[in-house]
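J.: Below is a structure I'd like to ask you about.
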Amino acid sequence: MNRNPPLVFTWALLLWSGLTGAWLPGIALAVWFEWALRTRTRWHMTDKSLERLVDLSSLLLLALILFEYSQGPLSAGIFAVLRWSPLLLAPLLSAQILSARPGVSYRALFLSQRRSRSPDADRWLDLQPVYLGACVLAAGVGTAVQHPLAYLGGVLVLTLWVCAWQPRPSPRRQWPLWLTLLVLVGALAWVGQQGLSQAQRRVENLAINWLSDFLWSERDPYRARTALGDIGELKLSDRVLYRVTTETPLRHALLLRTAAYDRYVSTSWFAHPQDFQPVPRVEGGWQWSPRPTAAAAEDSTSADQGADQDADQAANQWVQIGSYLPRRGQLLPLPTGTWRLSDLPVDSLERQSLGAVKIKNGPPLIHYQALYRNAASSDRPPEEADLRVPKSEQPVLQALVSELGLSQPGITVAADTSNAPESPSTSGILSTRDTVKRVRDYFASQFRYSLKLPGAPAGQTAIEYFLTTTQRGHCEFFATATVLLLRQAGVPARYAVGYSVQEPVAGAHRYRVRRSHAHAWTLYWDQGQWHDFDTTPALWAELEAEERSFWQPLVDLGSRLWYQFNLSRLEPGQGTPIWLWGLLAVLFALLAYRLRLGQRWRAAHARRSRESVAAPDSPLAPIARQLTRAGWPRRCGETDRQWLTRLAHSRGLEPELPPVDRLLQLNEQARYRPGGLDVTARHQLQVHIDHWLTAWKQAKSTQQPTKR
Amino acid sequence: MNTHHPVLARLQANLAQVIRGQPEAIERLLVALLSGGHLLLEDLPGTGKTTLAKALARSLQAEFRRVQFTPDLLPTDILGVSVFDPGARSFDFRPGPIFTQVLLADEINRASPRTQSALLEAMGEGQVSIEGRARTLDALFFVIATQNPVEFHGTYPLPEAQLDRFAMRFALGYLSAADETAVLTERHLGEPLEHLDAVATPQDILALRAQAAEIAVSPAVAGYIVELTRATRTAEGVLLGAGLRASLTLMKCAQALALLEGLDFVTPDHVQRLAVPVIAHRLGLDSQARFGGRDANQVVSELLERLEPPR
């Protein structure tokens with residue numbers, strides 16, 4: 001039966017185990033296959049059992065992929081699967097060899113072919129050459145780079161071994177085919193190993209760069225293009241970006257800033273190009289500003305946050321933020337006034353003077369804690385740029401300043417402030433705090449939030465059109481208009497972008513931040529610190545939420561489970577996480593269903609359908625029961641004759657079944673002839689059925705000892 | 001238990017001498033003959049359609065006529081015409097080729113619909129009405145019509161009503177290489193059709209038809225036939241399902257097949273073996289199914305796989 005060169009599996013398995021270090025399974029498999037090829041013991045295996053074995057191997061493969069993925073990146077998981085393919089294919093090859101089949105049928109291998117009536121589904125795939133190829137491929141994966149000579153040498157020896165062995169004189173010599181196949185597999189492993197990972201890296205980088213350039217422009221710390229003056233409708237995705245846990249329940253939306261900008265030029269905001277400075281690493285984290293004292297915190301309590309905030313809380317509030325980290329790094333969203341970060345295992349952390357914080361080379365998932373107070377003193381103090389208003393915007397803004405009585409006549413806007421950053425307008429009739437309050441009231445009373453982008457008519461700037469005509473817009477309009485209005489009134493102000501934390505989820509003080517929560521607001525300077533100031537109507541998030549699709553909760557649930565999964569798998573120093581056990585339990589349940597319960601259920605189902613279609617007193621009923629139980633059920637639309645004739649020509653049953661022609665004739669007479677069978681014929685039919693059942697039981701009992 | 005009928009066995013053997021490698025086609029031909037229906041052969045030129053018809057006529061010692069259908073063929077060319085006889089000073093009816101026992105209507109879809117419909121009454125009722133007078137056809141009257149499924153230029157597709165008159169439609173198909181070689185060798189020695197002897201008479205066939213009509217059909221099998229034809233009416237992609245005539249014909253054909261096999265009862269296997277040639281040509285598919293690559297044979301085969309036969 002064995003058409004392969006002797007010991008060829010042993011050679012291939014030794015090559016595999018030698019290069020991967022899996023000596024124990026390699027030698028065990030080699031011994032097993034040599035025994036299997038020589039023994040006369042046969043494994044009685046029905047088509048059904050073979051299908052179950054294929055299912056079992058598929059489940060093993062799935063479990064291996066999940067396990068490897070839980071230990072590291074997916075690409076490593078795929079290579080690991082290739083590396084262990086000789087082990088995964090071993091049960092199927094064993095079944096083929098021990099059941100003396102020419103291969104494994106397509107019907108068993110492919111789920112799509114299981115119920116097919118096409119003769120193509122009963123073709124065989126010989127697994128022996130496939131297995132040899134798998135061994136060579138597995139030996140090459142991961143090791144061909146470190147030990148190229150050992151690998152190529154091993155493949156060469158195996159090839160020579162195969163070529164040197166000539167079977168009995170045969171008109172069709174197969175060694176050129178073998179040689180070509182082995183060389184092909186070796187080359188594939190060699191090239192594939194190197195090329196795949198490189199190609200993957202390049203494609204990933206390209207995609208990330210492209211997306212960042214075109215979609216995530218607000219992450220640029222030096223430039224923020226706004227949608228001011230655009231036409232259409234603003235729509236951001238509802239993908240969850242950050243998961244936030246706060247110390248206390250939020251009474252107002254918490255603003256997480258990613259960047260701030262000080263120059264406004266034709267609908268875009270810019271920051272002065274200045275390099276990021278590395279932040280010193282301290283014990284357990286990163287810190288760029290000294291720990292604030294309670295007194296400082298008390299001073300810093302801002303006007304817009306209200307006087308009801310506790311001063312001692314303001315000193316050392318913390319927030320935990322979890323997010324996926326792109327490979328090339330990203331800007332961290334942080335509350336204004338953050339002075340220390342902890343639990344952030346990244347290689348480097350840099351901070352820009354306007355407050356943007358950038359990280360590089362970290363794990364794929366970060367979950368860090370930020371300590372902050374309500375105002376920032378570590379950002380660069382105001383300069384001339386923080387009071388500059390474009391000329392085109394000045395007439396409208398000046399009129400508005402006069403109308404609201406924000407600045408007293410005589411104060412020149414861009415004058416003394418660069419050298420006197422401390423509350424430039426306190427010398428006037430209004431303090432900064434009052435100015436801010438009036439601006440807030442102005443926007444709150446007359447403006448509305450809208451995601452529609454109306455565009456601006458010729459001759460008017462987008463801000464002018466917003467302030468004088470439409471009086472409705474999205475957060476970029478409000479933030480830009482507020483910054484420019486405060487500047488016009490003599491208060492240094494900056495434009496900040498980031499995210500608004502306001503959507504609570506189940507759990508203590510937990511929130512989720514979506515891409516559609518991206519927000520822009522204002523920073524103003526008062527009493528030596530920068531304060532957040534948001535004039536966008538508070539309803540904006542609710543308006544955004546109304547746009548969400550009804551299946552969004554399902555998407556959120558999936559996203560949360562995936563996040564939890566990644567959190568536990570990437571958490572260092574943990575034992576086997578609970579999800580792994582859960583997955584194993586699910587796999588085990590699937591296996592149990594497939595191997596035992598599924599069989600019972602199908603048998604029950606088959607019985608039910610038989611009873612409903614045919615009379616239960618059919619003479620063939622006992623035979624039908626036996627065959628169905630043994631995994632040879634009747635196919636849909638088959639008559640008794642077609643069924644038994646098919647089984648009589650089936651490979652697995654051929655020697656076991658007695659001839660059924662006479663049996664079928666008598667059965668058909670009994671069923672379809674008026675008057676049925678006479679007494680003699682009925683007795684004859686019963687004799688045939690008994691004979692068949694006896695022969696069937698005998699065949700089963702003789703097969704039993706070799707069945708595993 | 002009946003044995004294989006001697007007349008039918010002789011007929012099968014006789015036809016097999018001329019029609020090589022087509023036992024299934026011979027079986028279906030005899031089934032159509034015994035059921036009293038007519039046959040539509042849809043096949044490419046040169047696959048033995050005419051030979052099959054001639055061989056049958058010769059084996060039966062039956063009268064055989066062949067009509068080549070063309071676009072200018074008139075109904076009177078088939079049915080016959082009354083001609084004035086000046087001597088007798090009366091009209092004399094000259095019967096057309098339809099007054100025969102076995103009629104080969106070659107390339108039936110080339111004639112105009114008017115001429116095609118002239119065959120309708122003859123096939124359905126066994127008589128023709130000419131000049132207000134009904135003339136009965138021979139009791140054996142058996143039509144074998146052929147049509148070419150590939151060429152469509154200058155053809156008139158058979159109307160559904162006429163298709164329904166045919167008991168069966170099937171194709172002969174090409175022979176295997178071995179059978180084709182055997183045909184060449186035999187023809188080298190002379191035309192086998194010329195040496196074909198008659199092995200039965202039309203009276204034998206009429207007697208067998210009567211016998212076939214008595215073959216038992218159990219309620220379970222009759223129910224299966226009805227279920228099958230009814231299912232064609234609701235099958236996906238079917239615009240026009242099979243009617244009652246299809247059920248009746250399928251039953252009669254199954255009876256004939258049972259007789260051919262020497263049985264006195266019909267089994268579900270008989271029904272399944274004949275379902276496609278008996279039902280498929282009566283179905284009309286919608287355009288979506290047609291352009292999607294489905295054909296009527298496929299629809300019936302799928303129904304056979306889906307419906308549970310009686311057990």
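The chains in the structure tokens are called A, B, ... from first to last as shown; in each chain the residues are counted from 1, and the ligands are counted from 1 in the order shown.
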For chain B against chain A, which residues fall within 12 Å using only C-alpha atoms, given as number ranges by chain?

T.: B: 1-2, 214-224, 228, 258, 261-273, 301-311

J.: Those selected residues, please, written with N, CA and C atoms and delivered as a short mmCIF file (atom, residue, chain, number, x, y, z; two decimals), in the first residue's frame.

T.:
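And here's part12.cif as it stands now:
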data_model
loop_
_atom_site.label_atom_id
_atom_site.label_comp_id
_atom_site.auth_asym_id
_atom_site.auth_seq_id
_atom_site.Cartn_x
_atom_site.Cartn_y
_atom_site.Cartn_z
N MET B 1 -45.06 -12.79 -8.96
CA MET B 1 -44.15 -11.82 -9.58
C MET B 1 -44.11 -12.06 -11.09
N ASN B 2 -44.40 -11.01 -11.86
CA ASN B 2 -44.37 -11.18 -13.31
C ASN B 2 -42.95 -11.21 -13.83
N GLU B 214 -53.53 -1.08 -16.45
CA GLU B 214 -54.00 -1.81 -15.27
C GLU B 214 -52.94 -1.93 -14.17
N ILE B 215 -51.76 -1.44 -14.44
CA ILE B 215 -50.69 -1.51 -13.42
C ILE B 215 -51.13 -0.69 -12.20
N ALA B 216 -50.95 -1.24 -11.03
CA ALA B 216 -51.46 -0.60 -9.81
C ALA B 216 -50.60 0.60 -9.39
N VAL B 217 -51.28 1.65 -8.98
CA VAL B 217 -50.58 2.82 -8.43
C VAL B 217 -51.12 3.03 -7.02
N SER B 218 -50.28 2.83 -6.03
CA SER B 218 -50.75 2.94 -4.64
C SER B 218 -51.04 4.41 -4.31
N PRO B 219 -51.93 4.66 -3.34
CA PRO B 219 -52.25 6.06 -2.99
C PRO B 219 -50.99 6.85 -2.61
N ALA B 220 -50.02 6.18 -1.97
CA ALA B 220 -48.80 6.90 -1.55
C ALA B 220 -48.05 7.41 -2.78
N VAL B 221 -47.95 6.53 -3.80
CA VAL B 221 -47.20 6.93 -5.00
C VAL B 221 -47.99 8.00 -5.77
N ALA B 222 -49.31 7.83 -5.86
CA ALA B 222 -50.12 8.85 -6.54
C ALA B 222 -49.97 10.19 -5.83
N GLY B 223 -49.95 10.15 -4.49
CA GLY B 223 -49.76 11.38 -3.72
C GLY B 223 -48.41 12.02 -4.00
N TYR B 224 -47.42 11.17 -4.18
CA TYR B 224 -46.06 11.68 -4.47
C TYR B 224 -46.04 12.38 -5.83
N LEU B 228 -45.31 16.34 -6.42
CA LEU B 228 -44.22 16.77 -7.31
C LEU B 228 -44.71 17.82 -8.30
N ALA B 258 -43.17 0.43 -15.25
CA ALA B 258 -43.33 -0.74 -14.38
C ALA B 258 -43.58 -1.98 -15.23
N GLU B 261 -40.54 -3.24 -16.80
CA GLU B 261 -39.66 -3.95 -15.86
C GLU B 261 -40.32 -5.22 -15.33
N GLY B 262 -41.52 -5.51 -15.84
CA GLY B 262 -42.17 -6.74 -15.43
C GLY B 262 -42.83 -6.66 -14.06
N LEU B 263 -43.13 -5.46 -13.62
CA LEU B 263 -43.80 -5.32 -12.32
C LEU B 263 -45.27 -5.01 -12.53
N ASP B 264 -46.09 -5.32 -11.55
CA ASP B 264 -47.49 -4.96 -11.68
C ASP B 264 -47.88 -3.83 -10.73
N PHE B 265 -46.89 -3.09 -10.30
CA PHE B 265 -47.16 -1.92 -9.46
C PHE B 265 -46.06 -0.88 -9.69
N VAL B 266 -46.41 0.36 -9.39
CA VAL B 266 -45.48 1.46 -9.60
C VAL B 266 -44.76 1.77 -8.29
N THR B 267 -43.46 2.02 -8.35
CA THR B 267 -42.72 2.41 -7.14
C THR B 267 -42.29 3.88 -7.29
N PRO B 268 -41.92 4.51 -6.18
CA PRO B 268 -41.44 5.90 -6.27
C PRO B 268 -40.22 6.03 -7.18
N ASP B 269 -39.42 4.97 -7.30
CA ASP B 269 -38.26 5.02 -8.18
C ASP B 269 -38.67 5.25 -9.63
N HIS B 270 -39.77 4.60 -10.04
CA HIS B 270 -40.27 4.80 -11.40
C HIS B 270 -40.62 6.26 -11.62
N VAL B 271 -41.31 6.83 -10.64
CA VAL B 271 -41.71 8.23 -10.76
C VAL B 271 -40.48 9.12 -10.87
N GLN B 272 -39.50 8.85 -10.02
CA GLN B 272 -38.30 9.71 -10.03
C GLN B 272 -37.55 9.60 -11.36
N ARG B 273 -37.50 8.39 -11.91
CA ARG B 273 -36.74 8.22 -13.15
C ARG B 273 -37.38 8.95 -14.32
N SER B 301 -35.07 18.43 -11.05
CA SER B 301 -34.09 17.63 -10.29
C SER B 301 -33.99 18.13 -8.85
N GLU B 302 -34.02 19.45 -8.69
CA GLU B 302 -33.94 20.00 -7.33
C GLU B 302 -35.16 19.61 -6.50
N LEU B 303 -36.33 19.60 -7.17
CA LEU B 303 -37.54 19.21 -6.44
C LEU B 303 -37.44 17.74 -6.00
N LEU B 304 -36.87 16.92 -6.87
CA LEU B 304 -36.73 15.50 -6.52
C LEU B 304 -35.81 15.34 -5.30
N GLU B 305 -34.81 16.21 -5.21
CA GLU B 305 -33.91 16.13 -4.05
C GLU B 305 -34.56 16.67 -2.79
N ARG B 306 -35.50 17.58 -2.98
CA ARG B 306 -36.07 18.25 -1.82
C ARG B 306 -37.26 17.49 -1.24
N LEU B 307 -38.10 16.93 -2.12
CA LEU B 307 -39.32 16.28 -1.64
C LEU B 307 -39.02 14.86 -1.18
N GLU B 308 -39.58 14.49 -0.04
CA GLU B 308 -39.36 13.14 0.47
C GLU B 308 -40.29 12.16 -0.24
N PRO B 309 -39.75 11.13 -0.89
CA PRO B 309 -40.61 10.14 -1.52
C PRO B 309 -41.24 9.24 -0.46
N PRO B 310 -42.35 8.56 -0.78
CA PRO B 310 -42.93 7.64 0.21
C PRO B 310 -41.99 6.48 0.47
N ARG B 311 -41.98 5.98 1.72
CA ARG B 311 -41.09 4.87 2.07
C ARG B 311 -41.87 3.78 2.77
#

J.: Which of stretch 474-534 of chain A counts as alpha helix (DSSP H) under DSSP, as a list in words please?

T.: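 After running DSSP on the backbone, stretch 474-534 of chain A has alpha helix (DSSP H) at Cys475, Glu476, Phe477, Phe478, Ala479, Thr480, Ala481, Thr482, Val483, Leu484, Leu485, Leu486, Arg487 and Gln488 of chain A.
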
J.: So that I can check the secondary structure, give me every residue of stretch 298-530 of chain A assigned strand (DSSP E) by backbone DSSP, as number ranges by chain.

T.: A: 317-324, 330-331, 334-335, 338-342, 348-351, 357-360, 365-372, 448-449, 452-454, 472-473, 493-501, 503-504, 510-514, 518-526, 529-530

J.: Hey, what's within 7 Å of A:Gly26 if we count only C-alpha atoms and toss same-chain stuff fewer than 4 positions away? As a PDB file with C-alpha atoms, in the first residue's frame, please?

T.:
ATOM      1  CA  LEU A  13       9.590  15.086  10.869  1.00  0.00           C
ATOM      2  CA  LEU A  14      13.215  15.039  12.033  1.00  0.00           C
ATOM      3  CA  SER A  17      11.775  18.942  14.973  1.00  0.00           C
ATOM      4  CA  ALA A  22      10.132  20.287  18.964  1.00  0.00           C
ATOM      5  CA  ALA A  30       7.843   9.721  13.371  1.00  0.00           C
TER       6      ALA A  30
END

J.: Compare A:Arg239, A:Arg251, A:His531, A:Arg115 by their minimum atom-to-atom distance to A:Ser516, counting only C-alpha atoms, and give me the closest one.

T.: A:Arg239

J.: Hey, what's within 9 Å of B:Asn109 if we count only C-alpha atoms and toss same-chain stuff fewer than 5 positions away? As a PyMOL selection string, please?

T.: chain B and resi 69-71+116+146-148+154-158

J.: Keeping only N, CA and C atoms, take the residues you just selected and write them out as a PDB file, in the first residue's frame.

T.:
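Full text of selection_24.pdb as output:
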ATOM      1  N   PHE B  69     -40.772  19.538 -41.577  1.00  0.00           N
ATOM      2  CA  PHE B  69     -41.470  20.802 -41.354  1.00  0.00           C
ATOM      3  C   PHE B  69     -40.649  21.960 -41.880  1.00  0.00           C
ATOM      4  N   THR B  70     -41.308  22.820 -42.677  1.00  0.00           N
ATOM      5  CA  THR B  70     -40.655  24.019 -43.200  1.00  0.00           C
ATOM      6  C   THR B  70     -41.607  25.189 -43.002  1.00  0.00           C
ATOM      7  N   PRO B  71     -41.118  26.417 -43.128  1.00  0.00           N
ATOM      8  CA  PRO B  71     -41.995  27.563 -42.880  1.00  0.00           C
ATOM      9  C   PRO B  71     -43.189  27.629 -43.850  1.00  0.00           C
ATOM     10  N   GLN B 116     -48.360  24.033 -36.967  1.00  0.00           N
ATOM     11  CA  GLN B 116     -48.077  23.277 -35.740  1.00  0.00           C
ATOM     12  C   GLN B 116     -49.388  22.919 -35.030  1.00  0.00           C
ATOM     13  N   THR B 146     -39.117  16.134 -33.672  1.00  0.00           N
ATOM     14  CA  THR B 146     -37.743  16.514 -33.308  1.00  0.00           C
ATOM     15  C   THR B 146     -37.612  18.020 -33.440  1.00  0.00           C
ATOM     16  N   GLN B 147     -36.717  18.571 -32.638  1.00  0.00           N
ATOM     17  CA  GLN B 147     -36.357  19.973 -32.852  1.00  0.00           C
ATOM     18  C   GLN B 147     -34.910  20.201 -32.455  1.00  0.00           C
ATOM     19  N   ASN B 148     -34.322  21.174 -33.128  1.00  0.00           N
ATOM     20  CA  ASN B 148     -32.913  21.481 -32.923  1.00  0.00           C
ATOM     21  C   ASN B 148     -32.825  22.573 -31.858  1.00  0.00           C
ATOM     22  N   GLY B 154     -35.358  31.609 -38.008  1.00  0.00           N
ATOM     23  CA  GLY B 154     -36.424  31.030 -38.824  1.00  0.00           C
ATOM     24  C   GLY B 154     -37.182  29.928 -38.129  1.00  0.00           C
ATOM     25  N   THR B 155     -37.248  29.962 -36.796  1.00  0.00           N
ATOM     26  CA  THR B 155     -38.020  28.939 -36.092  1.00  0.00           C
ATOM     27  C   THR B 155     -39.168  29.591 -35.332  1.00  0.00           C
ATOM     28  N   TYR B 156     -40.171  28.795 -35.052  1.00  0.00           N
ATOM     29  CA  TYR B 156     -41.305  29.250 -34.245  1.00  0.00           C
ATOM     30  C   TYR B 156     -41.365  28.345 -33.023  1.00  0.00           C
ATOM     31  N   PRO B 157     -40.996  28.850 -31.857  1.00  0.00           N
ATOM     32  CA  PRO B 157     -41.000  27.991 -30.671  1.00  0.00           C
ATOM     33  C   PRO B 157     -42.382  27.402 -30.450  1.00  0.00           C
ATOM     34  N   LEU B 158     -42.422  26.144 -30.039  1.00  0.00           N
ATOM     35  CA  LEU B 158     -43.705  25.477 -29.839  1.00  0.00           C
ATOM     36  C   LEU B 158     -44.471  26.158 -28.712  1.00  0.00           C
TER      37      LEU B 158
END

J.: What's around stretch 118-133 of chain B at 10 Å? Count only C-alpha atoms, leave out sequence neighbours fewer than 4 positions away in its own chain, and write the answer as an mmCIF file with C-alpha atoms, in the first residue's frame.

T.:
data_model
loop_
_atom_site.group_PDB
_atom_site.id
_atom_site.type_symbol
_atom_site.label_atom_id
_atom_site.label_comp_id
_atom_site.auth_asym_id
_atom_site.auth_seq_id
_atom_site.Cartn_x
_atom_site.Cartn_y
_atom_site.Cartn_z
ATOM 1 C CA GLY B 36 -50.203 6.346 -25.421
ATOM 2 C CA GLY B 37 -48.382 9.660 -25.459
ATOM 3 C CA HIS B 38 -46.085 11.290 -27.989
ATOM 4 C CA LEU B 74 -49.590 24.254 -44.812
ATOM 5 C CA PRO B 75 -52.007 22.451 -42.498
ATOM 6 C CA THR B 76 -53.511 20.669 -45.504
ATOM 7 C CA ILE B 78 -50.283 17.345 -43.125
ATOM 8 C CA LEU B 79 -53.967 16.647 -42.716
ATOM 9 C CA GLY B 80 -54.986 16.038 -46.307
ATOM 10 C CA VAL B 81 -57.245 17.801 -48.804
ATOM 11 C CA SER B 82 -60.463 17.162 -50.823
ATOM 12 C CA PHE B 93 -60.561 13.227 -49.849
ATOM 13 C CA PRO B 95 -55.588 11.816 -46.667
ATOM 14 C CA ILE B 98 -50.963 12.248 -40.531
ATOM 15 C CA PHE B 99 -53.065 9.198 -41.347
ATOM 16 C CA ALA B 105 -42.347 15.311 -37.521
ATOM 17 C CA PRO B 113 -47.782 28.134 -35.584
ATOM 18 C CA ARG B 114 -50.888 27.489 -37.748
ATOM 19 C CA LEU B 137 -56.710 8.269 -36.765
ATOM 20 C CA ASP B 138 -55.191 4.854 -36.339
ATOM 21 C CA ALA B 139 -55.397 3.498 -32.810
ATOM 22 C CA LEU B 140 -51.591 3.252 -32.588
ATOM 23 C CA PHE B 141 -50.974 6.839 -33.833
ATOM 24 C CA PHE B 142 -47.619 7.826 -32.328
ATOM 25 C CA VAL B 143 -45.807 11.079 -33.085
ATOM 26 C CA ALA B 161 -50.304 24.130 -25.143
ATOM 27 C CA GLN B 162 -48.613 22.036 -27.779
ATOM 28 C CA LEU B 163 -45.625 21.213 -25.618
ATOM 29 C CA ASP B 164 -48.080 19.927 -23.045
ATOM 30 C CA ARG B 165 -49.407 17.441 -25.632
ATOM 31 C CA PHE B 166 -46.057 15.652 -25.701
#

J.: Using only C-alpha atoms, determine which residues lie at most 12 Å from stretch 295-298 of chain B, disregarding the query and same-chain residues fewer than 3 positions distant; provide the list as number ranges by chain.

T.: B: 169-171, 232, 235-242, 274-292, 301-305

J.: Write out as a PDB file with C-alpha atoms, in the first residue's frame which residues come within 7 Å of A:Val279 when counting only C-alpha atoms, dropping same-chain ones fewer than 5 positions away.

T.:
ATOM      1  CA  TRP A 286       6.285  61.161  33.976  1.00  0.00           C
ATOM      2  CA  GLN A 287       6.104  64.608  35.536  1.00  0.00           C
ATOM      3  CA  TRP A 288       6.654  68.062  34.025  1.00  0.00           C
ATOM      4  CA  LEU A 349       7.206  61.223  26.160  1.00  0.00           C
ATOM      5  CA  GLU A 350       7.550  64.747  24.848  1.00  0.00           C
ATOM      6  CA  ARG A 351       5.666  67.879  25.626  1.00  0.00           C
TER       7      ARG A 351
END
